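Data from data36.pdb: PDB, C-alpha atoms
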ATOM      1  CA  MET A   1      -6.290   7.335  -6.340
ATOM      2  CA  LYS A   2      -5.860   9.610  -3.413
ATOM      3  CA  ARG A   3      -7.729  12.854  -2.916
ATOM      4  CA  ILE A   4      -5.873  16.093  -3.507
ATOM      5  CA  SER A   5      -7.020  19.062  -1.504
ATOM      6  CA  LEU A   6      -6.460  22.614  -2.714
ATOM      7  CA  ARG A   7      -7.520  25.997  -1.465
ATOM      8  CA  ALA A   8      -8.500  28.824  -3.830
ATOM      9  CA  ILE A   9      -6.024  31.697  -3.880
ATOM     10  CA  GLY A  10      -8.632  34.197  -5.043
ATOM     11  CA  THR A  11     -11.759  34.907  -7.043
ATOM     12  CA  VAL A  12     -12.763  36.165 -10.483
ATOM     13  CA  HIS A  13     -14.923  39.266 -10.691
ATOM     14  CA  ASN A  14     -16.626  40.205 -13.950
ATOM     15  CA  ALA A  15     -20.069  40.873 -15.423
ATOM     16  CA  VAL A  16     -20.609  37.339 -16.742
ATOM     17  CA  ARG A  17     -23.115  35.321 -14.733
ATOM     18  CA  GLU A  18     -23.845  32.436 -17.085
ATOM     19  CA  GLY A  19     -23.565  30.900 -20.491
ATOM     20  CA  ARG A  20     -21.161  30.637 -23.350
ATOM     21  CA  GLN A  21     -19.831  34.056 -24.296
ATOM     22  CA  LYS A  22     -17.590  35.773 -26.700
ATOM     23  CA  TRP A  23     -14.872  35.846 -24.096
ATOM     24  CA  GLY A  24     -12.115  37.616 -26.008
ATOM     25  CA  GLN A  25     -13.287  41.096 -25.059
ATOM     26  CA  VAL A  26     -14.318  40.319 -21.474
ATOM     27  CA  THR A  27     -12.337  42.154 -18.829
ATOM     28  CA  SER A  28     -12.091  40.510 -15.406
ATOM     29  CA  GLU A  29     -10.526  41.318 -12.100
ATOM     30  CA  ILE A  30      -8.788  38.545 -10.227
ATOM     31  CA  GLU A  31      -8.802  39.405  -6.564
ATOM     32  CA  LEU A  32      -6.344  37.305  -4.601
ATOM     33  CA  LEU A  33      -6.497  36.850  -0.866
ATOM     34  CA  PRO A  34      -4.480  39.653   0.795
ATOM     35  CA  GLU A  35      -1.966  37.067   2.040
ATOM     36  CA  HIS A  36      -0.964  36.455  -1.595
ATOM     37  CA  ALA A  37      -0.274  40.087  -2.574
ATOM     38  CA  GLU A  38       3.475  39.671  -2.113
ATOM     39  CA  ARG A  39       3.460  36.656  -4.427
ATOM     40  CA  LEU A  40       2.451  38.937  -7.314
ATOM     41  CA  GLU A  41       5.525  41.123  -7.146
ATOM     42  CA  GLY A  42       7.087  41.461 -10.559
ATOM     43  CA  ILE A  43       4.205  39.920 -12.462
ATOM     44  CA  GLU A  44       3.411  43.262 -14.070
ATOM     45  CA  ASP A  45       6.581  42.843 -16.158
ATOM     46  CA  PHE A  46       4.844  40.081 -18.119
ATOM     47  CA  SER A  47       2.270  40.984 -20.765
ATOM     48  CA  HIS A  48       0.535  37.593 -20.541
ATOM     49  CA  ILE A  49      -0.223  35.136 -17.761
ATOM     50  CA  HIS A  50      -1.848  31.738 -17.380
ATOM     51  CA  VAL A  51      -4.809  31.570 -15.056
ATOM     52  CA  LEU A  52      -5.727  28.196 -13.573
ATOM     53  CA  PHE A  53      -9.221  28.193 -12.138
ATOM     54  CA  TYR A  54     -11.758  25.785 -10.776
ATOM     55  CA  LEU A  55     -14.923  25.479 -12.856
ATOM     56  CA  ASP A  56     -17.178  25.239  -9.852
ATOM     57  CA  ARG A  57     -20.458  25.197 -11.776
ATOM     58  CA  VAL A  58     -19.693  22.069 -13.805
ATOM     59  CA  SER A  59     -22.232  19.444 -12.784
ATOM     60  CA  ARG A  60     -21.446  15.927 -11.677
ATOM     61  CA  TYR A  61     -23.120  14.762 -14.889
ATOM     62  CA  GLU A  62     -20.797  16.865 -17.038
ATOM     63  CA  ARG A  63     -17.753  15.684 -15.095
ATOM     64  CA  GLY A  64     -18.748  12.143 -15.966
ATOM     65  CA  MET A  65     -19.044  12.660 -19.731
ATOM     66  CA  LYS A  66     -16.383  10.686 -21.565
ATOM     67  CA  ARG A  67     -16.933  11.353 -25.272
ATOM     68  CA  PHE A  68     -18.888  14.011 -27.126
ATOM     69  CA  ARG A  69     -18.809  16.155 -30.239
ATOM     70  CA  PRO A  70     -16.913  19.433 -29.752
ATOM     71  CA  LEU A  71     -19.429  22.218 -29.031
ATOM     72  CA  ASP A  72     -22.082  19.483 -29.508
ATOM     73  CA  ARG A  73     -21.908  20.077 -33.244
ATOM     74  CA  GLU A  74     -23.226  17.249 -35.375
ATOM     75  CA  ASP A  75     -20.700  17.997 -38.111
ATOM     76  CA  LEU A  76     -17.731  17.397 -35.807
ATOM     77  CA  PRO A  77     -16.465  13.953 -34.772
ATOM     78  CA  LEU A  78     -16.981  12.210 -31.429
ATOM     79  CA  VAL A  79     -13.824  12.653 -29.379
ATOM     80  CA  GLY A  80     -12.732  11.986 -25.830
ATOM     81  CA  ALA A  81     -12.999  14.700 -23.181
ATOM     82  CA  PHE A  82      -9.193  14.953 -22.847
ATOM     83  CA  ALA A  83      -8.922  15.643 -26.592
ATOM     84  CA  THR A  84     -11.041  18.786 -26.115
ATOM     85  CA  ARG A  85     -10.900  22.002 -24.111
ATOM     86  CA  SER A  86     -14.454  21.480 -22.904
ATOM     87  CA  GLN A  87     -15.334  22.011 -19.239
ATOM     88  CA  ARG A  88     -16.673  18.434 -19.252
ATOM     89  CA  ARG A  89     -13.775  16.742 -17.495
ATOM     90  CA  PRO A  90     -13.334  14.843 -14.254
ATOM     91  CA  ASN A  91     -11.216  17.601 -12.688
ATOM     92  CA  PRO A  92     -12.754  20.740 -14.158
ATOM     93  CA  ILE A  93      -9.672  22.959 -14.068
ATOM     94  CA  GLY A  94      -9.701  25.827 -16.539
ATOM     95  CA  LEU A  95      -6.455  26.982 -18.117
ATOM     96  CA  THR A  96      -6.470  30.242 -20.017
ATOM     97  CA  THR A  97      -3.705  32.462 -21.294
ATOM     98  CA  VAL A  98      -4.791  36.069 -20.884
ATOM     99  CA  ARG A  99      -3.436  39.545 -21.371
ATOM    100  CA  LEU A 100      -2.441  41.193 -18.105
ATOM    101  CA  LEU A 101      -3.750  44.743 -18.184
ATOM    102  CA  GLY A 102      -2.558  45.792 -14.766
ATOM    103  CA  ARG A 103      -2.072  45.066 -11.112
ATOM    104  CA  LYS A 104      -3.159  46.970  -8.045
ATOM    105  CA  GLY A 105      -1.980  45.316  -4.826
ATOM    106  CA  ASN A 106      -3.583  41.898  -4.673
ATOM    107  CA  THR A 107      -5.830  42.448  -7.720
ATOM    108  CA  LEU A 108      -5.026  41.754 -11.366
ATOM    109  CA  ARG A 109      -6.968  43.109 -14.300
ATOM    110  CA  VAL A 110      -6.984  40.727 -17.281
ATOM    111  CA  LYS A 111      -8.586  40.468 -20.711
ATOM    112  CA  GLY A 112      -9.975  37.305 -22.282
ATOM    113  CA  LEU A 113     -10.524  35.125 -19.241
ATOM    114  CA  ASP A 114     -13.359  32.645 -19.942
ATOM    115  CA  ALA A 115     -14.496  32.264 -16.335
ATOM    116  CA  LEU A 116     -17.840  33.213 -14.832
ATOM    117  CA  ASP A 117     -18.110  35.777 -12.061
ATOM    118  CA  SER A 118     -17.049  34.402  -8.646
ATOM    119  CA  THR A 119     -15.016  31.502 -10.079
ATOM    120  CA  PRO A 120     -12.299  30.340  -7.641
ATOM    121  CA  VAL A 121      -8.726  30.786  -8.874
ATOM    122  CA  LEU A 122      -6.110  28.091  -8.205
ATOM    123  CA  ASP A 123      -2.878  29.474  -9.590
ATOM    124  CA  ILE A 124      -1.299  32.267 -11.620
ATOM    125  CA  LYS A 125       1.782  31.629 -13.764
ATOM    126  CA  PRO A 126       3.717  33.907 -16.093
ATOM    127  CA  TYR A 127       3.528  33.088 -19.795
ATOM    128  CA  SER A 128       6.825  32.086 -21.367
ATOM    129  CA  PRO A 129       7.025  31.751 -25.169
ATOM    130  CA  ARG A 130       9.887  29.291 -24.792
ATOM    131  CA  LEU A 131       8.047  26.982 -22.401
ATOM    132  CA  ASP A 132       4.489  27.474 -23.547
ATOM    133  CA  SER A 133       4.429  27.676 -27.309
ATOM    134  CA  ALA A 134       4.939  24.785 -29.686
ATOM    135  CA  PRO A 135       5.604  26.160 -33.159
ATOM    136  CA  GLY A 136       4.405  23.882 -35.915
ATOM    137  CA  ALA A 137       2.116  21.864 -33.648
ATOM    138  CA  ARG A 138      -0.066  19.358 -35.494
ATOM    139  CA  LEU A 139      -3.850  19.570 -35.046
ATOM    140  CA  PRO A 140      -6.770  17.385 -36.107
ATOM    141  CA  GLN A 141      -9.019  18.473 -38.938
ATOM    142  CA  TRP A 142     -11.938  19.345 -36.656
ATOM    143  CA  VAL A 143      -9.884  22.006 -34.870
ATOM    144  CA  LYS A 144      -8.866  23.504 -38.194
ATOM    145  CA  THR A 145     -12.547  23.518 -39.226
ATOM    146  CA  LEU A 146     -13.486  25.434 -36.085
ATOM    147  CA  GLU A 147     -10.635  27.873 -36.423
ATOM    148  CA  GLY A 148     -11.378  28.463 -40.092
ATOM    149  CA  GLU A 149     -14.789  29.782 -39.076
ATOM    150  CA  ARG A 150     -13.483  32.462 -36.830
TER     151      ARG A 150
ATOM    152  CA  MET B 151     -11.742  30.185   0.896
ATOM    153  CA  LYS B 152     -13.326  26.840   0.520
ATOM    154  CA  ARG B 153     -11.430  23.618  -0.030
ATOM    155  CA  ILE B 154     -11.424  22.108  -3.495
ATOM    156  CA  SER B 155     -11.117  18.361  -3.684
ATOM    157  CA  LEU B 156      -9.701  16.652  -6.758
ATOM    158  CA  ARG B 157      -8.834  13.077  -7.583
ATOM    159  CA  ALA B 158      -5.800  12.178  -9.701
ATOM    160  CA  ILE B 159      -6.676  10.786 -13.129
ATOM    161  CA  GLY B 160      -3.392   8.911 -13.434
ATOM    162  CA  THR B 161       0.313   8.756 -12.676
ATOM    163  CA  VAL B 162       3.646   9.641 -14.276
ATOM    164  CA  HIS B 163       6.164   6.862 -14.847
ATOM    165  CA  ASN B 164       9.753   7.701 -15.707
ATOM    166  CA  ALA B 165      13.305   7.131 -14.488
ATOM    167  CA  VAL B 166      13.555  10.389 -12.523
ATOM    168  CA  ARG B 167      13.411   9.931  -8.764
ATOM    169  CA  GLU B 168      14.646  13.296  -7.531
ATOM    170  CA  GLY B 169      16.253  16.620  -8.224
ATOM    171  CA  ARG B 170      16.394  19.249 -10.889
ATOM    172  CA  GLN B 171      17.068  17.689 -14.273
ATOM    173  CA  LYS B 172      17.596  18.521 -17.854
ATOM    174  CA  TRP B 173      14.008  17.626 -18.587
ATOM    175  CA  GLY B 174      13.839  18.277 -22.314
ATOM    176  CA  GLN B 175      15.026  14.797 -23.261
ATOM    177  CA  VAL B 176      13.159  12.889 -20.553
ATOM    178  CA  THR B 177      10.542  10.472 -21.861
ATOM    179  CA  SER B 178       7.658   9.646 -19.529
ATOM    180  CA  GLU B 179       4.613   7.475 -19.605
ATOM    181  CA  ILE B 180       1.378   8.866 -18.245
ATOM    182  CA  GLU B 181      -0.793   5.978 -17.175
ATOM    183  CA  LEU B 182      -4.387   7.005 -16.667
ATOM    184  CA  LEU B 183      -6.873   5.003 -14.667
ATOM    185  CA  PRO B 184      -8.589   2.507 -16.994
ATOM    186  CA  GLU B 185     -11.889   4.345 -16.534
ATOM    187  CA  HIS B 186     -10.360   7.320 -18.395
ATOM    188  CA  ALA B 187      -9.163   5.452 -21.491
ATOM    189  CA  GLU B 188     -12.189   6.514 -23.524
ATOM    190  CA  ARG B 189     -11.517  10.155 -22.670
ATOM    191  CA  LEU B 190      -8.245   9.959 -24.643
ATOM    192  CA  GLU B 191      -9.882   9.092 -27.943
ATOM    193  CA  GLY B 192      -8.630  11.385 -30.681
ATOM    194  CA  ILE B 193      -5.805  12.903 -28.641
ATOM    195  CA  GLU B 194      -3.248  11.179 -30.859
ATOM    196  CA  ASP B 195      -4.201  13.670 -33.603
ATOM    197  CA  PHE B 196      -2.477  16.410 -31.607
ATOM    198  CA  SER B 197       1.314  16.645 -31.606
ATOM    199  CA  HIS B 198       1.425  18.521 -28.287
ATOM    200  CA  ILE B 199      -0.577  18.415 -25.079
ATOM    201  CA  HIS B 200      -0.653  20.227 -21.765
ATOM    202  CA  VAL B 201      -0.177  18.096 -18.699
ATOM    203  CA  LEU B 202      -1.475  19.411 -15.370
ATOM    204  CA  PHE B 203       0.003  17.540 -12.447
ATOM    205  CA  TYR B 204       0.200  17.764  -8.692
ATOM    206  CA  LEU B 205       3.687  18.369  -7.329
ATOM    207  CA  ASP B 206       3.213  16.070  -4.389
ATOM    208  CA  ARG B 207       6.746  16.361  -3.034
ATOM    209  CA  VAL B 208       6.676  20.110  -2.497
ATOM    210  CA  SER B 209       7.025  20.716   1.230
ATOM    211  CA  ARG B 210       4.764  22.861   3.357
ATOM    212  CA  TYR B 211       7.718  25.211   3.779
ATOM    213  CA  GLU B 212       8.114  25.640   0.022
ATOM    214  CA  ARG B 213       4.378  26.179  -0.420
ATOM    215  CA  GLY B 214       4.636  29.047   2.032
ATOM    216  CA  MET B 215       7.481  30.881   0.295
ATOM    217  CA  LYS B 216       6.282  34.214  -1.054
ATOM    218  CA  ARG B 217       9.304  35.826  -2.702
ATOM    219  CA  PHE B 218      12.632  34.457  -3.855
ATOM    220  CA  ARG B 219      15.242  34.797  -6.571
ATOM    221  CA  PRO B 220      14.523  32.625  -9.634
ATOM    222  CA  LEU B 221      16.582  29.416  -9.371
ATOM    223  CA  ASP B 222      17.984  30.976  -6.146
ATOM    224  CA  ARG B 223      20.493  32.874  -8.256
ATOM    225  CA  GLU B 224      22.013  35.888  -6.580
ATOM    226  CA  ASP B 225      22.275  37.736  -9.898
ATOM    227  CA  LEU B 226      18.518  37.622 -10.474
ATOM    228  CA  PRO B 227      15.978  39.869  -8.734
ATOM    229  CA  LEU B 228      13.656  38.962  -5.871
ATOM    230  CA  VAL B 229      10.217  38.278  -7.340
ATOM    231  CA  GLY B 230       6.917  36.899  -6.105
ATOM    232  CA  ALA B 231       6.125  33.206  -6.461
ATOM    233  CA  PHE B 232       3.322  33.882  -8.970
ATOM    234  CA  ALA B 233       5.793  35.746 -11.204
ATOM    235  CA  THR B 234       7.847  32.540 -11.529
ATOM    236  CA  ARG B 235       7.340  28.977 -12.734
ATOM    237  CA  SER B 236       8.868  27.611  -9.538
ATOM    238  CA  GLN B 237       7.211  24.738  -7.697
ATOM    239  CA  ARG B 238       7.133  26.997  -4.631
ATOM    240  CA  ARG B 239       3.493  28.000  -4.741
ATOM    241  CA  PRO B 240       0.504  27.539  -2.453
ATOM    242  CA  ASN B 241      -1.239  25.138  -4.873
ATOM    243  CA  PRO B 242       1.692  23.277  -6.411
ATOM    244  CA  ILE B 243       0.121  22.464  -9.765
ATOM    245  CA  GLY B 244       2.585  21.848 -12.573
ATOM    246  CA  LEU B 245       1.698  22.882 -16.114
ATOM    247  CA  THR B 246       3.889  21.642 -18.926
ATOM    248  CA  THR B 247       3.429  21.563 -22.676
ATOM    249  CA  VAL B 248       4.935  18.354 -23.989
ATOM    250  CA  ARG B 249       5.296  16.470 -27.225
ATOM    251  CA  LEU B 250       2.908  13.535 -27.474
ATOM    252  CA  LEU B 251       4.872  10.576 -28.820
ATOM    253  CA  GLY B 252       2.080   8.052 -28.779
ATOM    254  CA  ARG B 253      -0.877   6.480 -27.068
ATOM    255  CA  LYS B 254      -1.591   2.902 -26.177
ATOM    256  CA  GLY B 255      -5.006   2.456 -24.557
ATOM    257  CA  ASN B 256      -4.965   4.451 -21.333
ATOM    258  CA  THR B 257      -1.232   5.272 -21.505
ATOM    259  CA  LEU B 258       0.420   8.249 -23.187
ATOM    260  CA  ARG B 259       4.092   8.495 -24.004
ATOM    261  CA  VAL B 260       5.397  12.080 -23.831
ATOM    262  CA  LYS B 261       8.703  13.925 -24.107
ATOM    263  CA  GLY B 262       9.803  16.833 -21.923
ATOM    264  CA  LEU B 263       7.566  16.410 -18.899
ATOM    265  CA  ASP B 264       9.301  17.860 -15.819
ATOM    266  CA  ALA B 265       7.616  15.622 -13.268
ATOM    267  CA  LEU B 266       9.211  13.049 -10.993
ATOM    268  CA  ASP B 267       8.287   9.393 -11.192
ATOM    269  CA  SER B 268       4.924   8.595  -9.566
ATOM    270  CA  THR B 269       3.623  12.192  -9.744
ATOM    271  CA  PRO B 270      -0.202  12.330  -9.771
ATOM    272  CA  VAL B 271      -1.753  13.770 -12.943
ATOM    273  CA  LEU B 272      -4.779  16.083 -12.721
ATOM    274  CA  ASP B 273      -5.727  16.820 -16.313
ATOM    275  CA  ILE B 274      -4.693  16.455 -19.948
ATOM    276  CA  LYS B 275      -5.602  19.106 -22.516
ATOM    277  CA  PRO B 276      -4.761  19.399 -26.207
ATOM    278  CA  TYR B 277      -2.415  22.226 -27.168
ATOM    279  CA  SER B 278      -3.960  24.864 -29.414
ATOM    280  CA  PRO B 279      -1.681  27.492 -30.988
ATOM    281  CA  ARG B 280      -4.626  29.876 -31.222
ATOM    282  CA  LEU B 281      -5.576  29.603 -27.545
ATOM    283  CA  ASP B 282      -2.203  28.950 -25.993
ATOM    284  CA  SER B 283       0.389  31.080 -27.706
ATOM    285  CA  ALA B 284       0.792  34.819 -27.304
ATOM    286  CA  PRO B 285       3.003  36.103 -30.095
ATOM    287  CA  GLY B 286       5.008  39.146 -29.096
ATOM    288  CA  ALA B 287       4.540  38.595 -25.368
ATOM    289  CA  ARG B 288       6.568  40.959 -23.196
ATOM    290  CA  LEU B 289       8.975  39.466 -20.639
ATOM    291  CA  PRO B 290      11.083  40.913 -17.829
ATOM    292  CA  GLN B 291      14.825  41.213 -18.233
ATOM    293  CA  TRP B 292      15.588  38.330 -15.851
ATOM    294  CA  VAL B 293      13.732  35.865 -18.065
ATOM    295  CA  LYS B 294      15.653  37.082 -21.102
ATOM    296  CA  THR B 295      18.887  36.663 -19.135
ATOM    297  CA  LEU B 296      18.002  33.055 -18.326
ATOM    298  CA  GLU B 297      16.930  32.264 -21.853
ATOM    299  CA  GLY B 298      20.049  33.856 -23.315
ATOM    300  CA  GLU B 299      22.108  31.280 -21.420
ATOM    301  CA  ARG B 300      20.436  28.290 -22.938
TER     302      ARG B 300
END

Turn this file's structure into structure tokens for me.
Amino acid sequence: MKRISLRAIGTVHNAVREGRQKWGQVTSEIELLPEHAERLEGIEDFSHIHVLFYLDRVSRYERGMKRFRPLDREDLPLVGAFATRSQRRPNPIGLTTVRLLGRKGNTLRVKGLDALDSTPVLDIKPYSPRLDSAPGARLPQWVKTLEGER
Amino acid sequence: MKRISLRAIGTVHNAVREGRQKWGQVTSEIELLPEHAERLEGIEDFSHIHVLFYLDRVSRYERGMKRFRPLDREDLPLVGAFATRSQRRPNPIGLTTVRLLGRKGNTLRVKGLDALDSTPVLDIKPYSPRLDSAPGARLPQWVKTLEGER
């Protein structure tokens, strides 16, 4: 398969340097390159956006992992990487739907982004309930177990 | 900004060779490289998945467009590329939530994927209502106008 070459459009800034966090309350700034400022026009009319980012601290070893237990929990079943939202995937692209708190020029302020400080950002898309939600979606038991604990 | 190099995990197969379609009824097969088959284990327990794909037929000109009217409609406002779901973006990554009809080995059958035949696929993620839906999201008037016409 051919190589696909992308260039980051900007960078995440927040106080999170490492580790698994409670991300829901984390506020981040996404600073885009100045050349992209114009591309943000009108985004402030959406309350939520998708952020696509490149998980640049995922090791080659993690990228190679094919099956594992979600969160490495012994009580959850072995599943394939593409059946999880883990960062352990061959193309470690993060996809998170976040609340857009505000925009100033080429910088967005968002809440709930699960990306470490200095993470490269690949794309920003507006959230659309019609396109992006799937009411009545079916989930495996292990996801329900995890969500029941929250 | 540094270059990010990715490798496609597979390819879209469908009957759509060009143009803007009514995508909702299109059925596609996503054939992953055989080395990724194991990574799909357990995905059939989800009814919906996100497909991230590389829009490889977007021209350099389109990638450079910063502001335009959604669907080029004169009755809609000029907005920035990142405030739209257009393919006109610097990193033309498509993100679509589709219904998973079935899996056979390293091939998924999905409904509603808006990707042309032979499009390279970057990632597959399970859809999670908790992570991926934003009830009560606020939208600009132009999106409501478009959705009202459907």

Residues of segment 173-232 of chain B within 8 Å of segment 249-261 of chain B: nearest atom pair and distance (Å, one decimal) for each, counting only C-alpha atoms, sorted by chain and number, as CSV?
residue,atom,partner,partner_atom,distance
B:Gly174,CA,B:Lys261,CA,7.0
B:Gln175,CA,B:Lys261,CA,6.4
B:Val176,CA,B:Lys261,CA,5.8
B:Thr177,CA,B:Lys261,CA,4.5
B:Ser178,CA,B:Val260,CA,5.4
B:Glu179,CA,B:Arg259,CA,4.5
B:Ile180,CA,B:Leu258,CA,5.1
B:Glu181,CA,B:Thr257,CA,4.4
B:Leu182,CA,B:Asn256,CA,5.4
B:Leu183,CA,B:Asn256,CA,7.0
B:Pro184,CA,B:Asn256,CA,6.0
B:His186,CA,B:Asn256,CA,6.8
B:Ala187,CA,B:Asn256,CA,4.3
B:Glu188,CA,B:Asn256,CA,7.8
B:Leu190,CA,B:Asn256,CA,7.2
B:Glu194,CA,B:Arg253,CA,6.5
B:Phe196,CA,B:Leu250,CA,7.4
B:Ser197,CA,B:Leu250,CA,5.4
B:His198,CA,B:Arg249,CA,4.5
B:Ile199,CA,B:Leu250,CA,6.5

- Query: Any idea what's packed within 12 Å of Ile93 of chain A, counting all atoms listed in the file, ignoring anything in its chain fewer than 6 positions away? Could you give it as a PyMOL selection string?
  - Reply: (chain A and resi 6+8+51-58+63+82+85-87+114-115+119-123) or (chain B and resi 154-157+201-203+243+245+272-275)

- Using atom CA of Leu76 of chain A and atom CA of Asp282 of chain B as the two end points, give the distance in Å to one decimal.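 Computed distance, atom CA of Leu76 of chain A to atom CA of Asp282 of chain B, equals 21.7 Å.
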
- Counting only C-alpha atoms, the residue of B:Thr161, B:Gln171, B:Ser209, B:Thr234 that sits nearest Pro126 of chain A: B:Thr234

- Task: Using the chain letters and numbers from the file, give me the residues hit by the PyMOL selection byres ((chain A and resi 142) around 10), as number ranges by chain.
- Result: A: 69-70, 75-77, 139-141, 143-148

- Given only C-alpha atoms as the counted atoms, nearest of A:Leu71, A:Val12, A:Val79, A:Arg138 to Asp195 of chain B: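 Nearest to Asp195 of chain B: A:Arg138.
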
So which residues get picked by the PyMOL selection byres ((chain A and resi 90) around 8) here, written as a tab-separated table (two decimals) with C-alpha atoms, in the frame of the given file?
chain	number	residue	atom	x	y	z
A	63	ARG	CA	-17.75	15.68	-15.10
A	64	GLY	CA	-18.75	12.14	-15.97
A	88	ARG	CA	-16.67	18.43	-19.25
A	89	ARG	CA	-13.78	16.74	-17.50
A	91	ASN	CA	-11.22	17.60	-12.69
A	92	PRO	CA	-12.75	20.74	-14.16
B	159	ILE	CA	-6.68	10.79	-13.13

- Message: What does the structure give for the distance between atom CA of Arg130 of chain A and atom CA of Thr97 of chain A, in Å to one decimal?
- Response: 14.4 Å

- Å distance separating atom CA of Ala137 of chain A from atom CA of Ala165 of chain B, one decimal place: 26.6 Å

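Using all atoms listed in the file for every distance, the candidate list A:Leu113, A:Arg3, A:Arg20, A:Gly10 yields A:Arg3 as the residue closest to chain B.
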